[in-house]
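Source file: query_37.cif (mmCIF, N, CA, C and O atoms)
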data_start
#
loop_
_atom_site.label_atom_id
_atom_site.label_comp_id
_atom_site.auth_asym_id
_atom_site.auth_seq_id
_atom_site.Cartn_x
_atom_site.Cartn_y
_atom_site.Cartn_z
N MET Q 1 146.53 39.63 11.83
CA MET Q 1 147.49 38.55 11.98
C MET Q 1 148.22 38.35 10.66
O MET Q 1 147.59 38.13 9.63
N PRO Q 2 149.54 38.43 10.65
CA PRO Q 2 150.28 38.30 9.41
C PRO Q 2 150.25 36.87 8.88
O PRO Q 2 150.24 35.91 9.66
N VAL Q 3 150.23 36.77 7.57
CA VAL Q 3 150.24 35.47 6.92
C VAL Q 3 151.70 35.07 6.71
O VAL Q 3 152.50 35.84 6.19
N LEU Q 4 152.04 33.87 7.16
CA LEU Q 4 153.42 33.39 7.04
C LEU Q 4 153.64 32.74 5.68
O LEU Q 4 152.76 32.07 5.15
N THR Q 5 154.83 32.93 5.15
CA THR Q 5 155.20 32.24 3.92
C THR Q 5 155.53 30.79 4.25
O THR Q 5 155.72 30.43 5.42
N LEU Q 6 155.63 29.99 3.22
CA LEU Q 6 155.99 28.59 3.42
C LEU Q 6 157.35 28.48 4.09
O LEU Q 6 157.54 27.68 5.01
N SER Q 7 158.29 29.30 3.65
CA SER Q 7 159.62 29.28 4.23
C SER Q 7 159.59 29.63 5.72
O SER Q 7 160.28 29.00 6.53
N GLU Q 8 158.79 30.61 6.09
CA GLU Q 8 158.67 31.00 7.50
C GLU Q 8 158.05 29.88 8.33
O GLU Q 8 158.48 29.62 9.46
N LYS Q 9 157.06 29.21 7.76
CA LYS Q 9 156.43 28.09 8.47
C LYS Q 9 157.43 26.95 8.66
O LYS Q 9 157.48 26.33 9.73
N LEU Q 10 158.23 26.69 7.63
CA LEU Q 10 159.24 25.64 7.74
C LEU Q 10 160.32 26.02 8.74
O LEU Q 10 160.82 25.16 9.47
N ASP Q 11 160.67 27.30 8.80
CA ASP Q 11 161.63 27.76 9.81
C ASP Q 11 161.07 27.54 11.22
O ASP Q 11 161.80 27.15 12.13
N GLN Q 12 159.78 27.77 11.39
CA GLN Q 12 159.14 27.53 12.69
C GLN Q 12 159.17 26.05 13.05
O GLN Q 12 159.43 25.69 14.20
N LEU Q 13 158.91 25.18 12.05
CA LEU Q 13 158.97 23.74 12.29
C LEU Q 13 160.39 23.33 12.67
O LEU Q 13 160.59 22.49 13.56
N ASP Q 14 161.37 23.93 12.02
CA ASP Q 14 162.77 23.64 12.32
C ASP Q 14 163.08 24.02 13.77
O ASP Q 14 163.72 23.26 14.51
N ALA Q 15 162.62 25.19 14.18
CA ALA Q 15 162.84 25.64 15.56
C ALA Q 15 162.15 24.70 16.55
O ALA Q 15 162.71 24.36 17.60
N ARG Q 16 160.95 24.30 16.23
CA ARG Q 16 160.21 23.38 17.09
C ARG Q 16 160.93 22.03 17.18
O ARG Q 16 161.02 21.42 18.25
N TYR Q 17 161.45 21.57 16.07
CA TYR Q 17 162.19 20.32 16.02
C TYR Q 17 163.42 20.39 16.94
O TYR Q 17 163.70 19.46 17.69
N GLU Q 18 164.15 21.50 16.88
CA GLU Q 18 165.32 21.69 17.74
C GLU Q 18 164.91 21.71 19.21
O GLU Q 18 165.59 21.14 20.06
N GLU Q 19 163.80 22.38 19.48
CA GLU Q 19 163.29 22.42 20.86
C GLU Q 19 162.96 21.01 21.35
O GLU Q 19 163.30 20.63 22.47
N MET Q 20 162.32 20.24 20.50
CA MET Q 20 161.97 18.86 20.85
C MET Q 20 163.23 18.03 21.09
O MET Q 20 163.27 17.19 21.99
N THR Q 21 164.25 18.25 20.26
CA THR Q 21 165.50 17.51 20.40
C THR Q 21 166.09 17.73 21.79
O THR Q 21 166.52 16.78 22.46
N HIS Q 22 166.08 18.98 22.24
CA HIS Q 22 166.59 19.29 23.57
C HIS Q 22 165.70 18.71 24.68
O HIS Q 22 166.19 18.22 25.69
N GLN Q 23 164.40 18.78 24.47
CA GLN Q 23 163.47 18.26 25.46
C GLN Q 23 163.63 16.74 25.64
O GLN Q 23 163.47 16.23 26.74
N LEU Q 24 163.91 16.04 24.54
CA LEU Q 24 164.04 14.59 24.62
C LEU Q 24 165.20 14.14 25.50
O LEU Q 24 165.22 13.01 25.96
N SER Q 25 166.14 15.03 25.74
CA SER Q 25 167.26 14.67 26.61
C SER Q 25 167.10 15.22 28.03
O SER Q 25 167.97 14.99 28.87
N ALA Q 26 166.00 15.90 28.28
CA ALA Q 26 165.76 16.46 29.61
C ALA Q 26 165.33 15.35 30.57
O ALA Q 26 164.49 14.52 30.23
N PRO Q 27 165.90 15.32 31.78
CA PRO Q 27 165.58 14.27 32.75
C PRO Q 27 164.08 14.17 33.07
O PRO Q 27 163.55 13.06 33.22
N GLU Q 28 163.40 15.32 33.16
CA GLU Q 28 161.96 15.27 33.48
C GLU Q 28 161.14 14.64 32.36
O GLU Q 28 160.10 14.04 32.61
N VAL Q 29 161.59 14.75 31.13
CA VAL Q 29 160.89 14.12 30.01
C VAL Q 29 161.23 12.64 29.95
O VAL Q 29 160.36 11.79 29.75
N ILE Q 30 162.50 12.32 30.14
CA ILE Q 30 162.93 10.92 30.11
C ILE Q 30 162.22 10.12 31.20
O ILE Q 30 161.84 8.97 31.00
N GLY Q 31 161.98 10.74 32.34
CA GLY Q 31 161.32 10.07 33.45
C GLY Q 31 159.82 9.88 33.27
O GLY Q 31 159.20 9.10 33.99
N ASP Q 32 159.22 10.58 32.33
CA ASP Q 32 157.78 10.48 32.07
C ASP Q 32 157.59 9.76 30.73
O ASP Q 32 157.63 10.36 29.67
N SER Q 33 157.40 8.45 30.80
CA SER Q 33 157.39 7.64 29.57
C SER Q 33 156.30 8.05 28.59
O SER Q 33 156.52 8.05 27.38
N ALA Q 34 155.12 8.42 29.07
CA ALA Q 34 154.05 8.83 28.16
C ALA Q 34 154.43 10.11 27.43
O ALA Q 34 154.26 10.22 26.21
N ARG Q 35 154.97 11.07 28.17
CA ARG Q 35 155.40 12.33 27.56
C ARG Q 35 156.56 12.10 26.59
O ARG Q 35 156.60 12.66 25.50
N PHE Q 36 157.50 11.25 26.99
CA PHE Q 36 158.64 10.95 26.14
C PHE Q 36 158.19 10.31 24.84
O PHE Q 36 158.65 10.70 23.76
N GLN Q 37 157.29 9.35 24.91
CA GLN Q 37 156.81 8.66 23.71
C GLN Q 37 156.09 9.62 22.78
O GLN Q 37 156.29 9.59 21.55
N LYS Q 38 155.24 10.47 23.33
CA LYS Q 38 154.51 11.45 22.53
C LYS Q 38 155.48 12.41 21.84
O LYS Q 38 155.35 12.67 20.64
N LEU Q 39 156.43 12.91 22.58
CA LEU Q 39 157.41 13.84 22.04
C LEU Q 39 158.30 13.16 21.00
O LEU Q 39 158.59 13.75 19.94
N ALA Q 40 158.71 11.93 21.26
CA ALA Q 40 159.54 11.19 20.31
C ALA Q 40 158.80 10.93 19.00
O ALA Q 40 159.39 11.03 17.92
N LYS Q 41 157.51 10.66 19.09
CA LYS Q 41 156.70 10.44 17.88
C LYS Q 41 156.60 11.73 17.07
O LYS Q 41 156.79 11.72 15.85
N GLN Q 42 156.32 12.85 17.73
CA GLN Q 42 156.24 14.13 17.04
C GLN Q 42 157.58 14.49 16.41
O GLN Q 42 157.65 14.98 15.28
N HIS Q 43 158.65 14.24 17.15
CA HIS Q 43 160.00 14.52 16.68
C HIS Q 43 160.29 13.71 15.40
O HIS Q 43 160.82 14.24 14.42
N ALA Q 44 159.94 12.45 15.42
CA ALA Q 44 160.18 11.57 14.27
C ALA Q 44 159.37 12.02 13.06
O ALA Q 44 159.84 11.94 11.92
N GLU Q 45 158.15 12.48 13.30
CA GLU Q 45 157.29 12.94 12.20
C GLU Q 45 157.87 14.19 11.52
O GLU Q 45 157.71 14.37 10.31
N LEU Q 46 158.53 15.03 12.28
CA LEU Q 46 159.10 16.26 11.72
C LEU Q 46 160.48 16.04 11.09
O LEU Q 46 160.93 16.87 10.29
N GLN Q 47 161.14 14.96 11.42
CA GLN Q 47 162.53 14.74 11.02
C GLN Q 47 162.74 14.87 9.51
O GLN Q 47 163.64 15.57 9.06
N GLU Q 48 161.93 14.21 8.70
CA GLU Q 48 162.13 14.24 7.25
C GLU Q 48 161.87 15.63 6.66
O GLU Q 48 162.63 16.11 5.83
N ILE Q 49 160.82 16.29 7.15
CA ILE Q 49 160.49 17.63 6.66
C ILE Q 49 161.63 18.59 7.00
O ILE Q 49 162.08 19.36 6.14
N VAL Q 50 162.10 18.54 8.22
CA VAL Q 50 163.17 19.44 8.67
C VAL Q 50 164.46 19.15 7.90
O VAL Q 50 165.16 20.07 7.46
N SER Q 51 164.74 17.90 7.69
CA SER Q 51 165.94 17.51 6.95
C SER Q 51 165.92 18.07 5.53
O SER Q 51 166.90 18.64 5.05
N LYS Q 52 164.81 17.92 4.85
CA LYS Q 52 164.67 18.43 3.48
C LYS Q 52 164.72 19.95 3.45
O LYS Q 52 165.31 20.55 2.55
N HIS Q 53 164.11 20.59 4.44
CA HIS Q 53 164.13 22.05 4.51
C HIS Q 53 165.57 22.55 4.70
O HIS Q 53 165.99 23.50 4.04
N ARG Q 54 166.31 21.91 5.57
CA ARG Q 54 167.70 22.30 5.80
C ARG Q 54 168.54 22.08 4.54
O ARG Q 54 169.40 22.90 4.21
N GLU Q 55 168.28 20.98 3.87
CA GLU Q 55 169.00 20.69 2.61
C GLU Q 55 168.69 21.78 1.58
O GLU Q 55 169.60 22.28 0.90
N PHE Q 56 167.43 22.17 1.47
CA PHE Q 56 167.01 23.20 0.53
C PHE Q 56 167.67 24.54 0.87
O PHE Q 56 168.17 25.24 -0.02
N LYS Q 57 167.71 24.89 2.16
CA LYS Q 57 168.33 26.14 2.58
C LYS Q 57 169.82 26.14 2.24
O LYS Q 57 170.36 27.18 1.84
N GLN Q 58 170.48 25.01 2.41
CA GLN Q 58 171.90 24.92 2.08
C GLN Q 58 172.10 25.09 0.57
O GLN Q 58 173.04 25.76 0.14
N ILE Q 59 171.23 24.49 -0.22
CA ILE Q 59 171.33 24.64 -1.68
C ILE Q 59 171.13 26.10 -2.08
O ILE Q 59 171.86 26.62 -2.93
N GLU Q 60 170.16 26.77 -1.46
CA GLU Q 60 169.94 28.19 -1.73
C GLU Q 60 171.19 29.01 -1.39
O GLU Q 60 171.59 29.90 -2.15
N LYS Q 61 171.80 28.70 -0.26
CA LYS Q 61 173.00 29.41 0.17
C LYS Q 61 174.15 29.17 -0.80
O LYS Q 61 174.86 30.10 -1.19
N ASP Q 62 174.32 27.91 -1.22
CA ASP Q 62 175.37 27.57 -2.18
C ASP Q 62 175.13 28.27 -3.52
O ASP Q 62 176.07 28.76 -4.14
N LEU Q 63 173.89 28.30 -3.95
CA LEU Q 63 173.54 28.95 -5.20
C LEU Q 63 173.81 30.45 -5.14
O LEU Q 63 174.35 31.04 -6.08
N ALA Q 64 173.48 31.08 -4.03
CA ALA Q 64 173.75 32.51 -3.86
C ALA Q 64 175.25 32.77 -3.89
O ALA Q 64 175.70 33.76 -4.49
N GLY Q 65 176.03 31.90 -3.27
CA GLY Q 65 177.48 32.04 -3.30
C GLY Q 65 178.04 31.89 -4.70
O GLY Q 65 178.92 32.66 -5.11
N ALA Q 66 177.52 30.93 -5.44
CA ALA Q 66 177.96 30.74 -6.83
C ALA Q 66 177.58 31.94 -7.68
O ALA Q 66 178.37 32.39 -8.52
N HIS Q 67 176.40 32.46 -7.46
CA HIS Q 67 175.95 33.64 -8.20
C HIS Q 67 176.86 34.83 -7.90
O HIS Q 67 177.24 35.58 -8.81
N GLN Q 68 177.23 35.00 -6.64
CA GLN Q 68 178.13 36.09 -6.25
C GLN Q 68 179.48 35.93 -6.92
O GLN Q 68 180.07 36.91 -7.38
N MET Q 69 179.99 34.70 -7.02
CA MET Q 69 181.26 34.45 -7.68
C MET Q 69 181.19 34.82 -9.15
O MET Q 69 182.13 35.40 -9.71
N VAL Q 70 180.07 34.52 -9.80
CA VAL Q 70 179.89 34.88 -11.21
C VAL Q 70 179.88 36.39 -11.38
O VAL Q 70 180.53 36.93 -12.28
N LEU Q 71 179.18 37.07 -10.51
CA LEU Q 71 179.13 38.53 -10.58
C LEU Q 71 180.51 39.14 -10.38
O LEU Q 71 180.88 40.10 -11.09
N GLU Q 72 181.27 38.62 -9.43
CA GLU Q 72 182.62 39.12 -9.18
C GLU Q 72 183.54 38.83 -10.36
O GLU Q 72 184.40 39.65 -10.70
N ALA Q 73 183.36 37.69 -11.00
CA ALA Q 73 184.18 37.33 -12.17
C ALA Q 73 183.85 38.27 -13.34
O ALA Q 73 184.74 38.64 -14.12
N GLU Q 74 182.59 38.63 -13.49
CA GLU Q 74 182.18 39.53 -14.57
C GLU Q 74 182.73 40.93 -14.35
O GLU Q 74 183.03 41.63 -15.30
N ASP Q 75 182.87 41.33 -13.09
CA ASP Q 75 183.40 42.66 -12.77
C ASP Q 75 184.89 42.77 -13.08
O ASP Q 75 185.39 43.86 -13.36
N ALA Q 76 185.59 41.65 -13.02
CA ALA Q 76 187.05 41.67 -13.20
C ALA Q 76 187.46 41.90 -14.63
O ALA Q 76 186.86 42.00 -15.57
#
What is this structure when it is put down as structure tokens?
Amino acid sequence: MPVLTLSEKLDQLDARYEEMTHQLSAPEVIGDSARFQKLAKQHAELQEIVSKHREFKQIEKDLAGAHQMVLEAEDA
């Protein structure tokens, strides 16, 4: 069994969070109050982690873009 990196685990949490977001709007979940409450609680618990992970990924992307611009400027 492969060992996942922290980034891979966070990507999995992000995917699960998105799945939960879609489930929360599904009629069968909305109609089952116990299931809805449980899912809403789990969704809320993941919200801050997912938000920070997405922010970090955007910063990494921006940094890579800035690095590429520096490399291109050095080539000129």
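Nearest-residue note for Q:Ala40: choosing from Q:Leu10, Q:Leu24, Q:Leu4, Q:Ala66, the minimum distance belongs to Q:Leu24, counting only C-alpha atoms.
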Atom pair atom C of Q:Thr5 + atom O of Q:Glu60, distance 17.3 Å
Atom-to-atom span, atom N of Q:Glu19 and atom N of Q:Gly65, Å = 27.5 Å
Q:Arg16: which residues within 12 Å, counting only C-alpha atoms, same-chain residues fewer than 4 positions away excluded, as an NGL selection string?
-> :Q and (9-12 or 20-23 or 39 or 42-43 or 45-47 or 49-50)
Take the residues just selected and output them with N, CA, C and O atoms as a PDB file, in the coordinates of the input.
ATOM      1  N   LYS Q   9     157.060  29.210   7.760  1.00  0.00           N
ATOM      2  CA  LYS Q   9     156.430  28.090   8.470  1.00  0.00           C
ATOM      3  C   LYS Q   9     157.430  26.950   8.660  1.00  0.00           C
ATOM      4  O   LYS Q   9     157.480  26.330   9.730  1.00  0.00           O
ATOM      5  N   LEU Q  10     158.230  26.690   7.630  1.00  0.00           N
ATOM      6  CA  LEU Q  10     159.240  25.640   7.740  1.00  0.00           C
ATOM      7  C   LEU Q  10     160.320  26.020   8.740  1.00  0.00           C
ATOM      8  O   LEU Q  10     160.820  25.160   9.470  1.00  0.00           O
ATOM      9  N   ASP Q  11     160.670  27.300   8.800  1.00  0.00           N
ATOM     10  CA  ASP Q  11     161.630  27.760   9.810  1.00  0.00           C
ATOM     11  C   ASP Q  11     161.070  27.540  11.220  1.00  0.00           C
ATOM     12  O   ASP Q  11     161.800  27.150  12.130  1.00  0.00           O
ATOM     13  N   GLN Q  12     159.780  27.770  11.390  1.00  0.00           N
ATOM     14  CA  GLN Q  12     159.140  27.530  12.690  1.00  0.00           C
ATOM     15  C   GLN Q  12     159.170  26.050  13.050  1.00  0.00           C
ATOM     16  O   GLN Q  12     159.430  25.690  14.200  1.00  0.00           O
ATOM     17  N   MET Q  20     162.320  20.240  20.500  1.00  0.00           N
ATOM     18  CA  MET Q  20     161.970  18.860  20.850  1.00  0.00           C
ATOM     19  C   MET Q  20     163.230  18.030  21.090  1.00  0.00           C
ATOM     20  O   MET Q  20     163.270  17.190  21.990  1.00  0.00           O
ATOM     21  N   THR Q  21     164.250  18.250  20.260  1.00  0.00           N
ATOM     22  CA  THR Q  21     165.500  17.510  20.400  1.00  0.00           C
ATOM     23  C   THR Q  21     166.090  17.730  21.790  1.00  0.00           C
ATOM     24  O   THR Q  21     166.520  16.780  22.460  1.00  0.00           O
ATOM     25  N   HIS Q  22     166.080  18.980  22.240  1.00  0.00           N
ATOM     26  CA  HIS Q  22     166.590  19.290  23.570  1.00  0.00           C
ATOM     27  C   HIS Q  22     165.700  18.710  24.680  1.00  0.00           C
ATOM     28  O   HIS Q  22     166.190  18.220  25.690  1.00  0.00           O
ATOM     29  N   GLN Q  23     164.400  18.780  24.470  1.00  0.00           N
ATOM     30  CA  GLN Q  23     163.470  18.260  25.460  1.00  0.00           C
ATOM     31  C   GLN Q  23     163.630  16.740  25.640  1.00  0.00           C
ATOM     32  O   GLN Q  23     163.470  16.230  26.740  1.00  0.00           O
ATOM     33  N   LEU Q  39     156.430  12.910  22.580  1.00  0.00           N
ATOM     34  CA  LEU Q  39     157.410  13.840  22.040  1.00  0.00           C
ATOM     35  C   LEU Q  39     158.300  13.160  21.000  1.00  0.00           C
ATOM     36  O   LEU Q  39     158.590  13.750  19.940  1.00  0.00           O
ATOM     37  N   GLN Q  42     156.320  12.850  17.730  1.00  0.00           N
ATOM     38  CA  GLN Q  42     156.240  14.130  17.040  1.00  0.00           C
ATOM     39  C   GLN Q  42     157.580  14.490  16.410  1.00  0.00           C
ATOM     40  O   GLN Q  42     157.650  14.980  15.280  1.00  0.00           O
ATOM     41  N   HIS Q  43     158.650  14.240  17.150  1.00  0.00           N
ATOM     42  CA  HIS Q  43     160.000  14.520  16.680  1.00  0.00           C
ATOM     43  C   HIS Q  43     160.290  13.710  15.400  1.00  0.00           C
ATOM     44  O   HIS Q  43     160.820  14.240  14.420  1.00  0.00           O
ATOM     45  N   GLU Q  45     158.150  12.480  13.300  1.00  0.00           N
ATOM     46  CA  GLU Q  45     157.290  12.940  12.200  1.00  0.00           C
ATOM     47  C   GLU Q  45     157.870  14.190  11.520  1.00  0.00           C
ATOM     48  O   GLU Q  45     157.710  14.370  10.310  1.00  0.00           O
ATOM     49  N   LEU Q  46     158.530  15.030  12.280  1.00  0.00           N
ATOM     50  CA  LEU Q  46     159.100  16.260  11.720  1.00  0.00           C
ATOM     51  C   LEU Q  46     160.480  16.040  11.090  1.00  0.00           C
ATOM     52  O   LEU Q  46     160.930  16.870  10.290  1.00  0.00           O
ATOM     53  N   GLN Q  47     161.140  14.960  11.420  1.00  0.00           N
ATOM     54  CA  GLN Q  47     162.530  14.740  11.020  1.00  0.00           C
ATOM     55  C   GLN Q  47     162.740  14.870   9.510  1.00  0.00           C
ATOM     56  O   GLN Q  47     163.640  15.570   9.060  1.00  0.00           O
ATOM     57  N   ILE Q  49     160.820  16.290   7.150  1.00  0.00           N
ATOM     58  CA  ILE Q  49     160.490  17.630   6.660  1.00  0.00           C
ATOM     59  C   ILE Q  49     161.630  18.590   7.000  1.00  0.00           C
ATOM     60  O   ILE Q  49     162.080  19.360   6.140  1.00  0.00           O
ATOM     61  N   VAL Q  50     162.100  18.540   8.220  1.00  0.00           N
ATOM     62  CA  VAL Q  50     163.170  19.440   8.670  1.00  0.00           C
ATOM     63  C   VAL Q  50     164.460  19.150   7.900  1.00  0.00           C
ATOM     64  O   VAL Q  50     165.160  20.070   7.460  1.00  0.00           O
TER      65      VAL Q  50
END
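Here atom O of Q:Lys41 stands at a distance of 27.2 Å from atom N of Q:Val3.
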So which one's closest to Q:Arg54, Q:Glu8, Q:Asp14, Q:Val29, Q:His67? Using only N, CA, C and O atoms, please.
-> Q:Asp14
Centre, x/y/z edge lengths, axis-aligned box for stretch 38-51 of chain Q with 6 Å per side, as lines of an AutoDock Vina configuration file:
center_x = 160.7
center_y = 15.3
center_z = 14.2
size_x = 24.4
size_y = 21.6
size_z = 30.3
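For the residues Q:Asp75, Q:Asp62, Q:Glu48, Q:Phe56, ranking by smallest atom-to-atom distance to Q:Tyr17 using only C-alpha atoms places Q:Glu48 first.
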